[in-house]
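Presented below is the structure to which this report refers.
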Amino acid sequence: MIEKVDYDEAVNENRKVIKELQSEILQKKDMLKQYAKNTEMLQKVQHELKKLIDIKDITPELLHKLIYKIEVKENKDLIIHYRFSNPFSIN
């Protein structure tokens with residue numbers, strides 16, 4: 001037969017393990033939600049890129065989607081401000 005002290009110790013240890021596992025489950029669920037958001041965002045980007053790849057003519061609508069503003073300096077240099085960041089640039 002098991003002693004009450006041993007039983008209580010086992011129950012407390014099991015409760016501790018259950019609590020840790022529940023916490024781990026919550027963390028994994030949060031990670032899955034974030035992964036789903038990232039996947040959805042990547043699918044949207046992929047869709048937009050496919051539309052851009054198929055473009056035959058540059059339209060004013062396309063330019064407005066891609067370019068925020070164009071500055072012309074006094075020396076006639078152009079500075080183009082895009083509506084997206086370059087993930088390949090080195091900062």
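How things are named: the first chain in the structure tokens is A, the next is B, and so on; residues count from 1 in each chain; ligands count from 1 in the order shown.
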
Test item, alpha helix (DSSP H) assignment across chain A, answer as a ChimeraX atom specification: /A:4-53,60-66

Selection: 9 Å around segment 60-68 of chain A, only C-alpha atoms, excl. self and same-chain fewer than 3 positions, as a list in words: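 Using only C-alpha atoms, the neighbours found are Leu52, Ile80, His81, Tyr82, Arg83 and Phe84 of chain A.
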
Write the residues of the preceding selection, restricted to N, CA and C atoms, as an mmCIF file, in the first residue's frame.
data_model
loop_
_atom_site.group_PDB
_atom_site.id
_atom_site.type_symbol
_atom_site.label_atom_id
_atom_site.label_comp_id
_atom_site.auth_asym_id
_atom_site.auth_seq_id
_atom_site.Cartn_x
_atom_site.Cartn_y
_atom_site.Cartn_z
ATOM 1 N N LEU A 52 2.437 41.038 -61.083
ATOM 2 C CA LEU A 52 3.465 41.937 -61.611
ATOM 3 C C LEU A 52 4.285 41.273 -62.707
ATOM 4 N N ILE A 80 13.722 58.156 -56.196
ATOM 5 C CA ILE A 80 12.446 57.436 -56.265
ATOM 6 C C ILE A 80 12.185 56.778 -54.921
ATOM 7 N N HIS A 81 11.025 57.058 -54.349
ATOM 8 C CA HIS A 81 10.600 56.477 -53.072
ATOM 9 C C HIS A 81 9.554 55.406 -53.374
ATOM 10 N N TYR A 82 9.927 54.155 -53.146
ATOM 11 C CA TYR A 82 9.029 53.046 -53.439
ATOM 12 C C TYR A 82 8.078 52.794 -52.268
ATOM 13 N N ARG A 83 6.994 52.111 -52.545
ATOM 14 C CA ARG A 83 6.009 51.765 -51.518
ATOM 15 C C ARG A 83 6.362 50.473 -50.793
ATOM 16 N N PHE A 84 7.489 49.911 -51.071
ATOM 17 C CA PHE A 84 7.912 48.668 -50.422
ATOM 18 C C PHE A 84 9.385 48.798 -50.093
#

Counting only C-alpha atoms, what are the residues of segment 20-73 of chain A within 12 Å of segment 13-16 of chain A, and for each of them which pair of atoms is the nearest and at what distance in Å, to one decimal? Sort the table by chain and rising number, as a Markdown table.
| residue | atom | partner | partner_atom | distance |
| --- | --- | --- | --- | --- |
| A:Glu20 | CA | A:Lys16 | CA | 6.3 |
| A:Leu21 | CA | A:Lys16 | CA | 8.7 |
| A:Gln22 | CA | A:Lys16 | CA | 9.9 |
| A:Ser23 | CA | A:Lys16 | CA | 10.7 |

Would you mind exporting the chosen residues as a CSV table (one decimal), in the first residue's frame, restricted to N, CA, C and O atoms?
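Writing done, so here's again.csv:
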chain,number,residue,atom,x,y,z
A,20,GLU,N,3.1,22.3,-16.8
A,20,GLU,CA,4.2,22.6,-17.7
A,20,GLU,C,3.7,22.2,-19.2
A,20,GLU,O,4.0,23.0,-20.1
A,21,LEU,N,3.1,21.1,-19.3
A,21,LEU,CA,2.6,20.7,-20.6
A,21,LEU,C,1.5,21.6,-21.2
A,21,LEU,O,1.5,21.9,-22.4
A,22,GLN,N,0.6,22.0,-20.3
A,22,GLN,CA,-0.4,23.0,-20.7
A,22,GLN,C,0.2,24.3,-21.2
A,22,GLN,O,-0.2,24.9,-22.2
A,23,SER,N,1.2,24.7,-20.5
A,23,SER,CA,1.9,26.0,-20.9
A,23,SER,C,2.6,25.8,-22.3
A,23,SER,O,2.6,26.6,-23.2

Strand (DSSP E or B) residues, from DSSP on the backbone, in chain A, as an MDAnalysis selection string: chainID A and resid 67:72 78:82

Atom CA of Asp54 of chain A to atom CA of Glu40 of chain A, straight-line distance in Å: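 The value is 21.6 Å.
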
Å distance separating atom CA of Leu26 of chain A from atom CA of Thr39 of chain A, one decimal place: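 Calculated distance between atom CA of Leu26 of chain A and atom CA of Thr39 of chain A is 19.8 Å.
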